[in-house]
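Chemist: Got a file for you: run23.tsv, TSV, C-alpha atoms.
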```tsv
chain	number	residue	atom	x	y	z
A	1	MET	CA	-10.53	-23.11	-0.67
A	2	THR	CA	-12.42	-20.13	0.65
A	3	ILE	CA	-12.45	-16.39	1.14
A	4	ARG	CA	-12.70	-15.49	4.81
A	5	PHE	CA	-13.06	-12.11	6.46
A	6	LEU	CA	-10.86	-12.72	9.51
A	7	LEU	CA	-9.39	-9.35	10.51
A	8	ALA	CA	-11.16	-8.86	13.82
A	9	ILE	CA	-10.64	-12.46	14.93
A	10	VAL	CA	-6.98	-12.49	13.93
A	11	LEU	CA	-6.19	-9.25	15.73
A	12	ALA	CA	-8.08	-10.25	18.84
A	13	LEU	CA	-6.71	-13.75	19.19
A	14	GLY	CA	-3.29	-13.45	17.59
A	15	PHE	CA	-4.18	-16.24	15.14
A	16	THR	CA	-1.25	-17.88	13.40
A	17	GLN	CA	-1.03	-20.18	10.44
A	18	LYS	CA	-0.15	-23.79	11.15
A	19	PRO	CA	3.64	-23.88	10.89
A	20	ALA	CA	5.60	-26.05	8.51
A	21	ARG	CA	9.25	-26.96	8.55
A	22	ALA	CA	11.56	-25.37	6.01
A	23	ASP	CA	11.14	-26.72	2.46
A	24	GLU	CA	7.88	-28.46	3.39
A	25	PRO	CA	4.65	-27.25	1.76
A	26	LEU	CA	2.28	-25.25	3.90
A	27	PRO	CA	-1.10	-26.96	4.37
A	28	SER	CA	-2.78	-23.55	3.96
A	29	ILE	CA	-1.75	-19.95	3.41
A	30	ASN	CA	-3.35	-16.62	4.34
A	31	LEU	CA	-3.08	-13.92	1.67
A	32	PRO	CA	-4.34	-10.33	1.62
A	33	LEU	CA	-7.85	-9.69	0.31
A	34	GLU	CA	-7.51	-6.98	-2.34
A	35	ASP	CA	-8.74	-6.31	-5.84
A	36	TRP	CA	-6.29	-8.49	-7.75
A	37	THR	CA	-6.36	-11.40	-5.29
A	38	VAL	CA	-10.16	-11.46	-5.48
A	39	VAL	CA	-9.86	-11.82	-9.26
A	40	ALA	CA	-7.06	-14.40	-8.94
A	41	PHE	CA	-9.13	-16.43	-6.49
A	42	ALA	CA	-12.27	-16.31	-8.63
A	43	LYS	CA	-10.34	-17.45	-11.72
A	44	GLY	CA	-8.46	-20.12	-9.78
A	45	PHE	CA	-4.98	-18.71	-10.48
A	46	LEU	CA	-3.95	-18.61	-6.83
A	47	GLN	CA	-5.26	-22.09	-6.10
A	48	GLU	CA	-3.51	-23.55	-9.15
A	49	GLU	CA	-0.12	-22.03	-8.31
A	50	TYR	CA	-0.32	-23.20	-4.70
A	51	ARG	CA	-1.46	-26.68	-5.60
A	52	ARG	CA	1.73	-27.00	-7.65
A	53	ILE	CA	3.79	-26.65	-4.46
A	54	GLY	CA	1.54	-28.78	-2.28
A	55	THR	CA	-0.55	-26.14	-0.51
A	56	ALA	CA	-4.16	-27.31	-0.40
A	57	GLU	CA	-5.95	-24.23	0.92
A	58	VAL	CA	-5.74	-20.55	0.04
A	59	VAL	CA	-7.48	-18.13	2.42
A	60	LEU	CA	-8.01	-14.44	1.64
A	61	VAL	CA	-7.88	-12.29	4.76
A	62	ASP	CA	-9.03	-8.67	4.92
A	63	PRO	CA	-5.94	-6.83	6.20
A	64	GLY	CA	-8.03	-3.85	7.30
A	65	THR	CA	-5.43	-1.37	6.06
A	66	HIS	CA	-8.00	1.21	5.01
A	67	GLN	CA	-10.00	0.82	8.21
A	68	LEU	CA	-7.03	1.13	10.56
A	69	SER	CA	-3.60	2.16	9.36
A	70	GLY	CA	-0.87	-0.29	10.38
A	71	SER	CA	-3.13	-3.28	10.99
A	72	GLU	CA	-1.45	-5.27	8.22
A	73	ALA	CA	1.86	-5.16	10.13
A	74	ALA	CA	0.16	-6.65	13.20
A	75	LEU	CA	-1.33	-9.43	11.09
A	76	LEU	CA	2.02	-10.15	9.48
A	77	ASP	CA	3.90	-10.16	12.77
A	78	ARG	CA	1.36	-12.52	14.40
A	79	GLY	CA	1.25	-14.90	11.45
A	80	GLY	CA	-2.23	-13.97	10.28
A	81	LEU	CA	-0.87	-13.03	6.85
A	82	ALA	CA	1.96	-14.50	4.81
A	83	LEU	CA	2.48	-11.26	2.89
A	84	ALA	CA	1.33	-7.68	3.32
A	85	GLN	CA	0.97	-4.81	0.87
A	86	ARG	CA	1.88	-1.21	1.64
A	87	MET	CA	3.49	1.68	-0.14
A	88	MET	CA	7.25	1.93	0.27
A	89	TYR	CA	7.18	4.55	3.03
A	90	PRO	CA	5.00	2.72	5.62
A	91	ALA	CA	6.74	-0.57	4.79
A	92	THR	CA	10.08	1.05	5.62
A	93	ILE	CA	8.71	2.65	8.80
A	94	HIS	CA	7.54	-0.80	9.93
A	95	LYS	CA	11.03	-2.15	9.29
A	96	ALA	CA	12.74	0.75	11.05
A	97	ASN	CA	10.44	0.27	14.05
A	98	GLY	CA	11.59	-3.32	14.43
A	99	ILE	CA	9.42	-5.63	12.35
A	100	ASP	CA	11.80	-8.23	10.88
A	101	ALA	CA	10.45	-8.17	7.33
A	102	SER	CA	11.79	-8.33	3.78
A	103	ILE	CA	10.48	-6.73	0.60
A	104	VAL	CA	9.82	-9.45	-1.98
A	105	TRP	CA	8.12	-7.35	-4.68
A	106	LEU	CA	8.16	-3.68	-5.62
A	107	SER	CA	6.17	-1.78	-8.21
A	108	THR	CA	7.48	0.59	-10.81
A	109	LYS	CA	7.13	4.30	-10.07
A	110	SER	CA	3.87	5.87	-8.89
A	111	SER	CA	1.68	8.49	-10.61
A	112	PRO	CA	0.80	12.15	-9.91
A	113	ALA	CA	-2.86	11.07	-10.07
A	114	ARG	CA	-2.57	8.61	-7.20
A	115	THR	CA	-2.53	10.71	-4.02
A	116	PRO	CA	-3.64	14.31	-4.60
A	117	VAL	CA	-4.38	16.92	-1.96
A	118	LEU	CA	-8.16	17.24	-1.79
A	119	ALA	CA	-10.56	19.95	-0.66
A	120	LEU	CA	-14.35	20.07	-0.80
A	121	LYS	CA	-15.70	20.97	-4.23
A	122	ASP	CA	-17.44	24.13	-2.98
A	123	SER	CA	-14.51	25.22	-0.78
A	124	PRO	CA	-12.95	28.62	-1.51
A	125	ILE	CA	-9.56	26.87	-1.34
A	126	GLN	CA	-8.25	26.57	-4.90
A	127	THR	CA	-4.57	25.69	-4.50
A	128	VAL	CA	-2.37	24.24	-1.75
A	129	ALA	CA	-1.01	27.74	-1.12
A	130	ASP	CA	-4.51	28.61	0.16
A	131	LEU	CA	-4.03	26.08	2.99
A	132	LYS	CA	-1.68	28.40	4.87
A	133	GLY	CA	-2.89	28.50	8.48
A	134	LYS	CA	-5.41	25.73	7.84
A	135	THR	CA	-5.46	21.99	8.64
A	136	LEU	CA	-4.81	18.89	6.55
A	137	GLY	CA	-5.86	15.58	8.07
A	138	SER	CA	-4.73	12.08	7.09
A	139	SER	CA	-2.90	9.05	8.46
A	140	ARG	CA	0.68	9.90	9.45
A	141	VAL	CA	2.41	6.69	8.35
A	142	SER	CA	0.93	6.60	4.88
A	143	CYS	CA	0.96	8.24	1.48
A	144	GLY	CA	-1.55	10.67	2.97
A	145	TRP	CA	1.46	12.24	4.68
A	146	THR	CA	4.33	11.58	2.28
A	147	SER	CA	2.60	12.89	-0.84
A	148	PRO	CA	1.30	16.20	0.62
A	149	THR	CA	4.59	16.76	2.45
A	150	GLU	CA	6.35	17.03	-0.90
A	151	ILE	CA	3.48	18.91	-2.58
A	152	LEU	CA	3.28	21.52	0.19
A	153	ASP	CA	7.06	21.87	0.49
A	154	THR	CA	7.26	22.53	-3.24
A	155	ALA	CA	4.53	25.19	-2.93
A	156	GLY	CA	6.30	26.91	-0.02
A	157	VAL	CA	3.65	26.07	2.60
A	158	PRO	CA	5.15	23.08	4.45
A	159	LEU	CA	3.32	20.87	6.90
A	160	ASP	CA	3.99	21.21	10.61
A	161	THR	CA	6.11	18.49	12.19
A	162	LYS	CA	7.30	17.94	15.75
A	163	VAL	CA	10.74	19.24	14.76
A	164	ARG	CA	9.75	22.04	12.37
A	165	GLU	CA	7.04	24.68	12.42
A	166	GLY	CA	5.19	24.79	9.13
A	167	ALA	CA	2.48	26.80	7.43
A	168	VAL	CA	-0.16	24.05	7.38
A	169	ARG	CA	-1.31	22.17	10.49
A	170	PHE	CA	-1.43	18.39	10.35
A	171	THR	CA	-3.96	16.17	12.14
A	172	ASN	CA	-3.28	12.44	12.32
A	173	ILE	CA	-6.47	10.46	11.56
A	174	MET	CA	-5.84	6.73	11.17
A	175	ASN	CA	-9.31	5.72	9.96
A	176	ALA	CA	-10.45	6.44	6.39
A	177	VAL	CA	-14.12	6.93	7.31
A	178	ALA	CA	-13.19	9.32	10.13
A	179	THR	CA	-11.04	11.32	7.72
A	180	THR	CA	-13.91	11.63	5.25
A	181	ASN	CA	-16.29	12.71	8.02
A	182	ALA	CA	-13.80	15.30	9.26
A	183	LEU	CA	-13.50	16.78	5.76
A	184	LEU	CA	-17.25	16.80	5.08
A	185	SER	CA	-17.99	18.37	8.48
A	186	GLY	CA	-15.38	21.10	8.07
A	187	ARG	CA	-13.17	19.98	10.96
A	188	ILE	CA	-10.28	19.83	8.48
A	189	GLU	CA	-9.91	21.86	5.30
A	190	ALA	CA	-8.03	19.27	3.24
A	191	THR	CA	-6.88	15.69	3.11
A	192	SER	CA	-4.69	13.51	0.92
A	193	THR	CA	-5.46	9.92	0.05
A	194	HIS	CA	-5.47	7.26	-2.65
A	195	ILE	CA	-8.64	8.19	-4.50
A	196	ALA	CA	-8.77	4.69	-6.03
A	197	ILE	CA	-9.47	3.12	-2.61
A	198	ALA	CA	-13.10	2.02	-2.52
A	199	GLU	CA	-13.71	3.90	0.73
A	200	GLN	CA	-12.51	7.15	-0.88
A	201	ALA	CA	-13.41	6.72	-4.54
A	202	ALA	CA	-17.04	7.73	-4.05
A	203	LEU	CA	-15.94	11.16	-2.81
A	204	TRP	CA	-14.08	11.70	-6.06
A	205	THR	CA	-16.49	10.08	-8.52
A	206	SER	CA	-19.49	11.89	-7.02
A	207	GLY	CA	-17.78	15.25	-7.45
A	208	GLN	CA	-17.75	16.13	-3.75
A	209	VAL	CA	-14.03	16.95	-3.75
A	210	LYS	CA	-11.47	18.55	-6.04
A	211	ALA	CA	-7.72	18.13	-6.39
A	212	ILE	CA	-5.86	21.27	-5.33
A	213	GLY	CA	-2.39	19.77	-5.61
A	214	ARG	CA	-0.62	16.77	-7.15
A	215	SER	CA	2.79	15.18	-6.67
A	216	PRO	CA	5.39	16.38	-9.20
A	217	GLU	CA	6.17	13.92	-11.98
A	218	ASP	CA	9.89	14.16	-11.28
A	219	GLY	CA	9.54	14.17	-7.51
A	220	VAL	CA	10.42	11.85	-4.66
A	221	TYR	CA	6.89	10.53	-4.11
A	222	VAL	CA	6.19	9.50	-7.70
A	223	ASN	CA	9.61	7.97	-8.26
A	224	TYR	CA	10.38	6.46	-4.86
A	225	ALA	CA	8.11	6.79	-1.80
A	226	GLY	CA	4.82	6.06	-3.59
A	227	ARG	CA	5.82	2.68	-4.96
A	228	VAL	CA	3.79	-0.33	-3.85
A	229	SER	CA	5.59	-3.11	-1.99
A	230	TYR	CA	4.80	-6.61	-0.82
A	231	PHE	CA	6.74	-7.70	2.22
A	232	ALA	CA	6.92	-10.84	4.32
A	233	MET	CA	8.49	-11.71	7.64
A	234	ARG	CA	12.14	-12.51	6.93
A	235	GLU	CA	11.90	-15.92	8.59
A	236	PHE	CA	8.89	-16.86	6.47
A	237	ALA	CA	10.66	-15.72	3.28
A	238	GLU	CA	13.71	-17.76	4.20
A	239	GLN	CA	11.70	-20.90	5.00
A	240	HIS	CA	9.05	-20.69	2.28
A	241	PRO	CA	10.37	-18.90	-0.80
A	242	ARG	CA	8.31	-21.12	-3.10
A	243	ALA	CA	5.13	-19.93	-1.35
A	244	ILE	CA	6.09	-16.33	-2.12
A	245	ARG	CA	7.00	-17.16	-5.69
A	246	ALA	CA	3.62	-18.85	-6.18
A	247	PHE	CA	1.95	-15.61	-5.02
A	248	LEU	CA	3.97	-13.57	-7.51
A	249	LEU	CA	3.34	-16.01	-10.36
A	250	ALA	CA	-0.41	-15.83	-9.68
A	251	ARG	CA	-0.17	-12.06	-9.69
A	252	ASN	CA	1.51	-12.05	-13.11
A	253	ARG	CA	-1.18	-14.35	-14.49
A	254	THR	CA	-3.89	-12.12	-13.05
A	255	MET	CA	-2.39	-8.92	-14.49
A	256	ALA	CA	-2.29	-10.46	-17.97
A	257	TRP	CA	-5.89	-11.71	-17.70
A	258	VAL	CA	-7.23	-8.40	-16.36
A	259	LYS	CA	-5.71	-6.45	-19.27
A	260	SER	CA	-7.66	-8.60	-21.71
A	261	ASN	CA	-10.85	-8.80	-19.63
A	262	PRO	CA	-11.34	-5.49	-17.76
A	263	ASP	CA	-15.13	-5.62	-17.70
A	264	GLU	CA	-15.30	-9.13	-16.24
A	265	ALA	CA	-12.50	-8.23	-13.81
A	266	ALA	CA	-14.49	-5.23	-12.56
A	267	GLU	CA	-17.53	-7.45	-11.99
A	268	LEU	CA	-15.44	-9.94	-9.99
A	269	ILE	CA	-13.95	-7.13	-7.90
A	270	ALA	CA	-17.37	-5.62	-7.22
A	271	LYS	CA	-18.68	-8.98	-6.02
A	272	GLY	CA	-15.59	-10.01	-4.07
A	273	ARG	CA	-15.01	-6.64	-2.42
A	274	ARG	CA	-18.72	-5.87	-1.99
A	275	VAL	CA	-18.51	-2.48	-3.69
A	276	PRO	CA	-20.59	-0.89	-6.48
A	277	LEU	CA	-19.54	-1.87	-9.99
A	278	GLU	CA	-18.65	1.71	-10.95
A	279	ILE	CA	-16.31	1.95	-7.95
A	280	ALA	CA	-14.66	-1.35	-8.85
A	281	ARG	CA	-14.20	-0.18	-12.43
A	282	PHE	CA	-12.75	3.15	-11.27
A	283	GLY	CA	-10.20	1.44	-9.02
A	284	LEU	CA	-9.21	-0.82	-11.90
A	285	LEU	CA	-8.99	1.63	-14.81
A	286	ASP	CA	-8.37	5.13	-13.43
A	287	PRO	CA	-4.77	6.49	-13.52
A	288	SER	CA	-4.93	6.70	-9.72
A	289	SER	CA	-5.12	2.89	-9.46
A	290	PHE	CA	-2.27	1.31	-7.49
A	291	VAL	CA	-3.28	-2.35	-7.20
A	292	PHE	CA	-2.66	-3.25	-10.84
A	293	MET	CA	0.88	-1.97	-11.28
A	294	GLU	CA	3.84	-3.46	-13.10
A	295	GLY	CA	6.67	-4.88	-11.02
A	296	GLU	CA	10.15	-3.40	-10.68
A	297	PRO	CA	12.49	-6.19	-11.81
A	298	SER	CA	15.75	-4.53	-10.72
A	299	ALA	CA	16.95	-5.13	-7.16
A	300	PRO	CA	19.46	-2.23	-7.37
A	301	ALA	CA	16.63	0.10	-8.45
A	302	ALA	CA	14.54	-1.10	-5.49
A	303	VAL	CA	17.41	-0.47	-3.07
A	304	ASN	CA	17.95	2.99	-4.58
A	305	ALA	CA	14.25	3.81	-4.16
A	306	VAL	CA	14.38	3.17	-0.41
A	307	LYS	CA	17.65	5.05	0.06
A	308	SER	CA	16.46	8.01	-2.02
A	309	PHE	CA	13.11	8.60	-0.36
A	310	GLN	CA	14.47	8.05	3.15
A	311	ALA	CA	17.22	10.62	2.58
A	312	TRP	CA	14.70	13.15	1.22
A	313	TYR	CA	12.28	12.86	4.12
A	314	LEU	CA	15.07	12.97	6.70
A	315	ALA	CA	16.21	16.23	5.11
A	316	HIS	CA	12.65	17.60	5.21
A	317	GLY	CA	11.80	17.18	8.88
A	318	ASP	CA	10.54	13.59	9.18
A	319	GLU	CA	10.70	13.09	12.94
A	320	ILE	CA	9.81	9.38	12.77
A	321	LEU	CA	12.70	8.56	10.49
A	322	ALA	CA	14.94	10.88	12.51
A	323	ASP	CA	14.38	8.61	15.53
A	324	HIS	CA	14.39	5.30	13.65
A	325	HIS	CA	15.74	4.90	10.14
A	326	LEU	CA	17.57	2.25	8.17
A	327	THR	CA	21.28	2.21	7.46
A	328	ASP	CA	22.50	1.56	3.92
A	329	GLU	CA	23.39	-1.98	4.99
A	330	GLN	CA	19.91	-2.55	6.41
A	331	ILE	CA	18.30	-1.26	3.22
A	332	ASP	CA	20.45	-3.59	1.13
A	333	ALA	CA	19.23	-6.51	3.25
A	334	PHE	CA	15.61	-5.23	3.28
A	335	ILE	CA	15.27	-5.97	-0.44
A	336	ASP	CA	15.20	-9.77	-0.83
A	337	LYS	CA	17.12	-10.04	-4.09
A	338	ARG	CA	16.13	-13.68	-4.59
A	339	PHE	CA	12.75	-12.46	-5.89
A	340	PHE	CA	14.09	-9.82	-8.29
A	341	ASP	CA	15.63	-10.20	-11.74
A	342	GLY	CA	18.42	-12.78	-11.67
A	343	GLY	CA	17.39	-14.18	-8.29
A	344	GLU	CA	16.71	-17.83	-7.59
A	345	TYR	CA	12.94	-17.27	-7.12
A	346	SER	CA	12.47	-14.41	-9.59
A	347	VAL	CA	9.34	-14.29	-11.74
A	348	TYR	CA	10.97	-11.87	-14.19
```
What would the structure in this file look like if it were written as structure tokens?
Modeler:
Amino acid sequence: MTIRFLLAIVLALGFTQKPARADEPLPSINLPLEDWTVVAFAKGFLQEEYRRIGTAEVVLVDPGTHQLSGSEAALLDRGGLALAQRMMYPATIHKANGIDASIVWLSTKSSPARTPVLALKDSPIQTVADLKGKTLGSSRVSCGWTSPTEILDTAGVPLDTKVREGAVRFTNIMNAVATTNALLSGRIEATSTHIAIAEQAALWTSGQVKAIGRSPEDGVYVNYAGRVSYFAMREFAEQHPRAIRAFLLARNRTMAWVKSNPDEAAELIAKGRRVPLEIARFGLLDPSSFVFMEGEPSAPAAVNAVKSFQAWYLAHGDEILADHHLTDEQIDAFIDKRFFDGGEYSVY
């Protein structure tokens, strides 16, 4: 049972897991490499849960989400991953654009600390109102667009879209390193990102940037769009629900262990993710963290979250959702209720 860094190979070759018939155990399973799975793998929680259902090998695959936005959907669609993690908004965009996936886990609500609008520390820009006529750069299908869209709308300086002229220009940059370089070089005046991501945390912890705006506590991002989801291809979820349940059981075990052992957990994350210890600890303990969140047990609450944020962004000039969005019936089916409270494969 090994950790493998397979992103480039998987994307290039369209690698797929060896198939198994319905109700038969998978010989191996590819799961996303992220902070909690690194801990779960090191402690043996993932391997133990999968051995119970007859799966001999667990492989952690780097989904490359922070290197190239949307890559996790390609991996999922080609069979390179059994499950993928994204915030609710990009997961829904993937679904609306045609990927036949189901949400099998959803977090509780987000936090105002998670995805602030950032400017350089020594910039004269002090508030988001000061961005009028200036440029914000981030990835379009991500929280780097959804969070600042609400923040800037609330401040009366909305982002430009293809269907609505705004007060702040938007530049789509799909690579996290390129976004950081653009901000540091002055090509953009602001960005918005998850500051707990290892690639971005150093900007924050080193004091190079400041938060000039945060999502409102009672807003659409915190309560709906900024929730974390795990989703799987619908066919895979139908054929291998026990494989998904094993993943969720291992996650619950890991969350409980991490709460009691944060220092050891940070060391395992630093080693497994190849990041400095202080960055691993920040991503684990800071209020901006999004990997170690509690799950939303209620399927109706999950359905309401998708319906609520989609309606808000449609009403506020989201041209992507205007072209492709989910009906109420599609949203009801998008949430696989078997994995929520009362469902056959629930872990609640």
Chemist: For a test of reading the model, state the distance in Å between CA of Glu49 (chain A) and CA of Val275 (chain A), rounded to one decimal.
Modeler: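 Answer for the CA of Glu49 (chain A) to CA of Val275 (chain A) separation: 27.2 Å.
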Chemist: List every residue of region 169-275 of chain A that has an atom at most 12 Å from any atom of region 311-325 of chain A, and for each one report the closest atom pair and its distance in Å to one decimal, counting only C-alpha atoms, with rows sorted by chain and then by increasing residue number, as a tab-separated table.
Modeler:
```
residue	atom	partner	partner_atom	distance
A:Gly219	CA	A:Trp312	CA	10.2
A:Val220	CA	A:Trp312	CA	7.4
A:Tyr221	CA	A:Trp312	CA	9.8
A:Asn223	CA	A:Trp312	CA	11.9
A:Tyr224	CA	A:Trp312	CA	10.0
A:Ala225	CA	A:Tyr313	CA	9.4
```
Chemist: Show me, as a short mmCIF file (atom, residue, chain, number, x, y, z; two decimals) with C-alpha atoms, in the coordinates of the input, the residues that have an atom within 7 Å of Pro27 (chain A) when counting only C-alpha atoms, minus same-chain residues fewer than 6 positions from it.
Modeler:
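Final output, saved to out.cif:
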```
data_model
loop_
_atom_site.label_atom_id
_atom_site.label_comp_id
_atom_site.auth_asym_id
_atom_site.auth_seq_id
_atom_site.Cartn_x
_atom_site.Cartn_y
_atom_site.Cartn_z
CA THR A 55 -0.55 -26.14 -0.51
CA ALA A 56 -4.16 -27.31 -0.40
CA GLU A 57 -5.95 -24.23 0.92
#
```
Chemist: Just give me the gap between CA of Ser107 (chain A) and CA of Ala301 (chain A) in Å, one decimal is fine.
Modeler: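 Taking CA of Ser107 (chain A) and CA of Ala301 (chain A), their separation equals 10.6 Å.
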Chemist: Identify which of the residues A:Met87, A:Ala280, A:Ala302, A:Ile29 lies closest to Ala202 (chain A), counting all atoms listed in the file when measuring atom-to-atom distances.
Modeler: A:Ala280
Chemist: May I ask for the distance between CA of Arg245 (chain A) and CA of Ala305 (chain A), given in Å to one decimal place?
Modeler: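 Here the two named atoms are 22.2 Å from each other.
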Chemist: Neighbouring residues of region 33-43 of chain A were defined as those with any atom within 9 Å, considering only C-alpha atoms; residues of the same chain fewer than 3 positions away were excluded. Please report them as an MDAnalysis selection string.
Modeler: chainID A and resid 1:5 46:47 58:63 250:251 253:255 258 265:266 268:273 280 283:284 291:292
Chemist: Hey, what's within 10 Å of Pro287 (chain A) if we count only C-alpha atoms and toss same-chain stuff fewer than 4 positions away? As a PyMOL selection string, please?
Modeler: chain A and resi 110-114+195-196+282-283
Chemist: For Val104 (chain A), which residue among A:Val117, A:Leu248, A:Ile279, A:Ala155 is the nearest when counting only C-alpha atoms?
Modeler: A:Leu248
Chemist: Contacts between region 342-346 of chain A and region 222-289 of chain A, please, where a residue of region 222-289 of chain A counts if it comes within 12 Å (with all atoms listed in the file); show its shortest atom pair and distance in Å to one decimal, rows by chain and ascending number, as a Markdown table.
Modeler:
```
| residue | atom | partner | partner_atom | distance |
| --- | --- | --- | --- | --- |
| A:Ala237 | CA | A:Tyr345 | CA | 10.8 |
| A:Glu238 | CA | A:Tyr345 | CA | 11.4 |
| A:His240 | CA | A:Tyr345 | CA | 10.7 |
| A:Pro241 | CA | A:Tyr345 | CA | 7.0 |
| A:Arg242 | CA | A:Tyr345 | CA | 7.2 |
| A:Ala243 | CA | A:Tyr345 | CA | 10.1 |
| A:Ile244 | CA | A:Tyr345 | CA | 8.5 |
| A:Arg245 | CA | A:Tyr345 | CA | 6.1 |
| A:Ala246 | CA | A:Tyr345 | CA | 9.5 |
| A:Phe247 | CA | A:Tyr345 | CA | 11.3 |
| A:Leu248 | CA | A:Ser346 | CA | 8.8 |
| A:Leu249 | CA | A:Ser346 | CA | 9.3 |
| A:Asn252 | CA | A:Ser346 | CA | 11.8 |
```
Chemist: Using only C-alpha atoms, which residue out of A:Leu81, A:Ile93, A:Leu75, A:Ala119 lies closest to Ala190 (chain A)?
Modeler: A:Ala119
Chemist: Give me the residues within 10 Å of Pro148 (chain A) as a ChimeraX atom specification, counting all atoms listed in the file and dropping any in the same chain fewer than 4 places off.
Modeler: /A:115-118,128,136,138,143-144,152-154,158-159,191-193,213-215,221
Chemist: With distances taken over only C-alpha atoms, which residue among A:Gly137, A:Gly156, A:Thr92, A:Ala82 lies nearest Asn181 (chain A)?
Modeler: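 The shortest atom-to-atom distance to Asn181 (chain A) comes from A:Gly137.
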Chemist: Please determine, counting all atoms listed in the file, which residue among A:Glu296, A:Asp100, A:Glu150, A:Glu267 has the shortest atom-to-atom distance to Lys337 (chain A).
Modeler: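 Looking at the shortest contact to Lys337 (chain A), the residue is A:Glu296.
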Chemist: Can you pull out every residue within 8 Å of Lys210 (chain A), counting only C-alpha atoms, but drop anything in the same chain fewer than 2 positions away, and send it as a ChimeraX atom specification?
Modeler: /A:118-121,204,207-208,212
Chemist: Nearest to Val303 (chain A) among A:Tyr348, A:Trp257, A:Trp145, A:Trp105, with distances taken over only C-alpha atoms: which residue is it?
Modeler: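 Closest to Val303 (chain A), using only C-alpha atoms: A:Trp105.
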Chemist: Is it possible to add N, CA and C atoms to region 229-240 of chain A and hand it back as a compact mmCIF listing (two decimals), in the frame of the given file?
Modeler:
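For reference, out26.txt as written:
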```txt
# COMPACT_ATOMS: atom_id res chain seq x y z
N SER A 229 4.72 -1.98 -2.34
CA SER A 229 5.59 -3.11 -1.99
C SER A 229 4.76 -4.24 -1.41
N TYR A 230 5.27 -5.46 -1.59
CA TYR A 230 4.80 -6.61 -0.82
C TYR A 230 5.96 -7.06 0.05
N PHE A 231 5.68 -7.26 1.32
CA PHE A 231 6.74 -7.70 2.22
C PHE A 231 6.24 -8.84 3.08
N ALA A 232 7.19 -9.66 3.50
CA ALA A 232 6.92 -10.84 4.32
C ALA A 232 7.88 -10.85 5.49
N MET A 233 7.53 -11.54 6.55
CA MET A 233 8.49 -11.71 7.64
C MET A 233 9.72 -12.43 7.08
N ARG A 234 10.90 -11.97 7.49
CA ARG A 234 12.14 -12.51 6.93
C ARG A 234 12.24 -14.02 7.14
N GLU A 235 11.84 -14.50 8.31
CA GLU A 235 11.90 -15.92 8.59
C GLU A 235 11.01 -16.71 7.64
N PHE A 236 9.80 -16.18 7.39
CA PHE A 236 8.89 -16.86 6.47
C PHE A 236 9.48 -16.89 5.06
N ALA A 237 10.06 -15.77 4.62
CA ALA A 237 10.66 -15.72 3.28
C ALA A 237 11.82 -16.69 3.16
N GLU A 238 12.58 -16.83 4.23
CA GLU A 238 13.71 -17.76 4.20
C GLU A 238 13.23 -19.21 4.15
N GLN A 239 12.18 -19.52 4.90
CA GLN A 239 11.70 -20.90 5.00
C GLN A 239 10.80 -21.31 3.84
N HIS A 240 10.06 -20.35 3.27
CA HIS A 240 9.05 -20.69 2.28
C HIS A 240 9.12 -19.80 1.04
```
